[in-house]
Amino acid sequence: MRMLNIALAKGRLSDLSIDIFENAGIDTTELRNPGRKLILEEPKSDIRFFLVKPGDVPTYVEYGAADMGIVGKDTLLEEGRNLYEVLDLGFGKCQMAVAGPPEMKDRLNRFDRLRIGTKYPETARKYFEGVKGMQIEVIKLNGSVELDPLVGLSEVIVDIVESGKTLRENGLVVLEKIADISARLIVNRVSMKMKNEKISKLIADIKRQL
């Protein structure tokens, strides 16, 4: 059988993702010390790992360059890719939320056109336009979106909230929760059929840990 290709996000989810595979009986020695390598093979398990940016994991999986991947739910919400989300791995927990000044709590639904600062424009649109039926103007930013309401760039923000400390230190509060976020195991739709036995066994090995 052909090798199983797995895309892993570089960064904060990486070590916990590696633990998952190690506990499933896969040798992760090279994966823990990749150096500058982006492709790492584990011949005994017939698995090949790709190390990519978090936002690219769903793309690799949807297009079949990777059969499986681990990525945060926030990325899946934003990317909206056509793939199977098979397991909530339970780590990297936080929430996607609407946040802003406390006085916005009772005013959020009164705007004719709400301005929203965010790194997640598609998620913001799906929530406000799709779920709430509101008209919005999305201001896409890459840095600290907490600054936006403080300088009048936007009325509110849509962002990941973990402890809420950064919000509190800047006088902001969570106004509405959009979704619970955690790491998810995803699978390519064609791979699930073509490599079903191998993928199903790995899913079962991971599920036992949860």
# chains A, B, ... in the order shown; residues from 1 in each chain; ligands from 1
>>> residues_around(residues="Ile206 (chain A)", least_positions_apart="6", cutoff="8 Å", atoms="only C-alpha atoms", output="NGL selection string")
:A and (20-21 or 23-24)
>>> write_last_selection(atoms="N, CA and C atoms", output="tab-separated table (two decimals), in the first residue's frame")
chain	number	residue	atom	x	y	z
A	20	ILE	N	0.26	12.71	19.96
A	20	ILE	CA	-0.85	11.86	19.52
A	20	ILE	C	-0.33	10.68	18.69
A	21	PHE	N	0.59	10.98	17.76
A	21	PHE	CA	1.11	9.92	16.90
A	21	PHE	C	2.07	8.99	17.65
A	23	ASN	N	1.88	8.22	20.80
A	23	ASN	CA	1.05	7.35	21.63
A	23	ASN	C	0.28	6.32	20.79
A	24	ALA	N	0.22	6.57	19.49
A	24	ALA	CA	-0.41	5.60	18.58
A	24	ALA	C	0.60	4.57	18.08
>>> select_by_dssp(residues="region 5-205 of chain A", states="strand (DSSP E)", output="MDAnalysis selection string")
chainID A and resid 5:9 39:42 47:52 68:72 84:88 94:100 114:118 136:140 156:161 173:181 183:187
>>> closest_residue(among="A:Leu77, A:Tyr127, A:Leu210, A:Ile186", to="Tyr60 (chain A)", atoms="only C-alpha atoms")
A:Ile186
>>> select_by_dssp(residues="region 40-202 of chain A", states="helix (DSSP H, G or I)", output="PyMOL selection string")
chain A and resi 54-62+73-79+102-104+108-110+121-131+147-151+165-169+189-194+196-202
>>> closest_residue(among="A:Thr123, A:Asn196, A:Thr118, A:Gln135", to="Asp148 (chain A)", atoms="only C-alpha atoms")
A:Thr118
>>> residues_around(residues="Gln95 (chain A)", least_positions_apart="4", cutoff="12 Å", atoms="only C-alpha atoms", output="count of residues only")
21
>>> atom_distance(atom1="CA of Arg81 (chain A)", atom2="CA of Met96 (chain A)")
18.2 Å
>>> closest_residue(among="A:Ala97, A:Leu13, A:Leu31, A:Met194", to="Leu167 (chain A)", atoms="only C-alpha atoms")
A:Ala97
>>> closest_residue(among="A:Gly80, A:Val71, A:Pro34, A:Asp27", to="Asp46 (chain A)", atoms="only C-alpha atoms")
A:Asp27
>>> residues_around(residues="Leu153 (chain A)", least_positions_apart="2", cutoff="12 Å", atoms="only C-alpha atoms", output="short mmCIF file (atom, residue, chain, number, x, y, z; two decimals) with N, CA and C atoms, in the first residue's frame")
data_model
loop_
_atom_site.label_atom_id
_atom_site.label_comp_id
_atom_site.auth_asym_id
_atom_site.auth_seq_id
_atom_site.Cartn_x
_atom_site.Cartn_y
_atom_site.Cartn_z
N GLY A 100 -15.52 43.32 22.25
CA GLY A 100 -15.54 44.78 22.09
C GLY A 100 -15.70 45.46 23.43
N LEU A 114 -22.31 47.17 10.70
CA LEU A 114 -21.32 47.01 11.77
C LEU A 114 -19.93 46.82 11.19
N ARG A 115 -18.96 47.56 11.72
CA ARG A 115 -17.57 47.38 11.27
C ARG A 115 -16.85 46.40 12.20
N ILE A 116 -16.20 45.41 11.59
CA ILE A 116 -15.57 44.35 12.36
C ILE A 116 -14.10 44.20 11.96
N GLY A 117 -13.22 44.30 12.93
CA GLY A 117 -11.79 44.06 12.70
C GLY A 117 -11.47 42.61 12.99
N THR A 118 -10.76 41.92 12.10
CA THR A 118 -10.53 40.50 12.31
C THR A 118 -9.44 39.93 11.42
N GLU A 137 -19.21 45.47 7.63
CA GLU A 137 -18.00 45.82 6.87
C GLU A 137 -16.83 45.16 7.57
N VAL A 138 -16.14 44.27 6.87
CA VAL A 138 -15.03 43.54 7.48
C VAL A 138 -13.72 44.24 7.17
N ILE A 139 -12.95 44.51 8.20
CA ILE A 139 -11.62 45.11 8.05
C ILE A 139 -10.59 44.03 8.38
N LYS A 140 -9.93 43.52 7.35
CA LYS A 140 -8.97 42.42 7.52
C LYS A 140 -7.65 42.95 8.04
N LEU A 141 -7.20 42.36 9.16
CA LEU A 141 -5.94 42.76 9.78
C LEU A 141 -5.12 41.53 10.12
N VAL A 145 -5.70 42.69 16.82
CA VAL A 145 -7.00 43.28 16.50
C VAL A 145 -7.65 43.96 17.71
N GLU A 146 -7.15 43.67 18.92
CA GLU A 146 -7.70 44.32 20.11
C GLU A 146 -7.59 45.84 20.05
N LEU A 147 -6.66 46.32 19.25
CA LEU A 147 -6.45 47.76 19.11
C LEU A 147 -7.60 48.45 18.36
N ASP A 148 -8.26 47.70 17.48
CA ASP A 148 -9.23 48.30 16.56
C ASP A 148 -10.34 49.13 17.22
N PRO A 149 -11.08 48.56 18.20
CA PRO A 149 -12.16 49.35 18.81
C PRO A 149 -11.63 50.53 19.63
N LEU A 150 -10.39 50.40 20.10
CA LEU A 150 -9.82 51.45 20.95
C LEU A 150 -9.48 52.70 20.16
N VAL A 151 -9.19 52.54 18.87
CA VAL A 151 -8.81 53.70 18.05
C VAL A 151 -9.90 54.05 17.03
N GLU A 155 -16.08 48.74 15.34
CA GLU A 155 -16.90 48.73 16.55
C GLU A 155 -16.56 47.52 17.42
N VAL A 156 -16.34 46.39 16.76
CA VAL A 156 -16.04 45.15 17.48
C VAL A 156 -14.97 44.37 16.72
N ILE A 157 -14.52 43.26 17.33
CA ILE A 157 -13.57 42.37 16.67
C ILE A 157 -14.10 40.94 16.70
#
>>> residues_around(residues="Leu83 (chain A)", least_positions_apart="2", cutoff="8 Å", atoms="only C-alpha atoms", output="list in words")
Pro58, Val61, Glu62, Arg81, Glu85, Ile186, Val187, Asn188 and Arg189 of chain A
>>> residues_around(residues="Met3 (chain A)", least_positions_apart="3", cutoff="12 Å", atoms="only C-alpha atoms", output="short mmCIF file (atom, residue, chain, number, x, y, z; two decimals) with C-alpha atoms, in the first residue's frame")
data_model
loop_
_atom_site.label_atom_id
_atom_site.label_comp_id
_atom_site.auth_asym_id
_atom_site.auth_seq_id
_atom_site.Cartn_x
_atom_site.Cartn_y
_atom_site.Cartn_z
CA ILE A 6 -0.08 13.50 6.97
CA LEU A 40 9.81 13.44 7.29
CA GLU A 41 9.34 9.73 6.64
CA GLU A 42 8.70 6.96 9.14
CA PRO A 43 9.28 3.81 7.02
CA LYS A 44 8.27 1.30 9.70
CA SER A 45 4.76 2.74 9.88
CA ASP A 46 4.74 3.62 6.17
CA ILE A 47 3.87 7.23 7.03
CA ARG A 48 5.20 10.50 5.67
CA PHE A 49 4.69 13.81 7.52
CA ALA A 65 -1.40 16.07 -1.36
CA ALA A 66 -1.96 14.87 2.22
CA ASP A 67 -4.36 12.09 3.19
CA MET A 68 -4.82 13.39 6.72
CA SER A 191 -8.18 8.85 0.67
CA MET A 194 -8.67 4.36 -1.22
CA LYS A 195 -6.66 3.97 2.00
CA LYS A 198 -4.77 2.21 7.11
CA ILE A 199 -6.63 5.44 7.92
#
>>> residues_around(residues="Arg110 (chain A)", least_positions_apart="2", cutoff="12 Å", atoms="only C-alpha atoms", output="count of residues only")
13
>>> atom_distance(atom1="CA of Lys119 (chain A)", atom2="CA of Gly55 (chain A)")
11.8 Å
>>> closest_residue(among="A:Glu197, A:Leu51, A:Val173, A:Leu185", to="Leu87 (chain A)", atoms="only C-alpha atoms")
A:Leu185
>>> decode(residues="region 170-181 of chain A", atoms="C-alpha atoms", output="compact mmCIF listing (two decimals), in the first residue's frame")
# COMPACT_ATOMS: atom_id res chain seq x y z
CA ASN A 170 -7.40 46.52 26.94
CA GLY A 171 -10.83 47.13 28.46
CA LEU A 172 -12.66 44.72 26.15
CA VAL A 173 -15.04 41.84 26.88
CA VAL A 174 -16.48 38.84 25.03
CA LEU A 175 -19.84 39.90 23.61
CA GLU A 176 -20.88 36.68 21.85
CA LYS A 177 -19.34 33.24 21.36
CA ILE A 178 -19.21 32.03 17.76
CA ALA A 179 -17.71 28.55 18.22
CA ASP A 180 -15.61 26.33 20.46
CA ILE A 181 -12.15 25.82 19.00
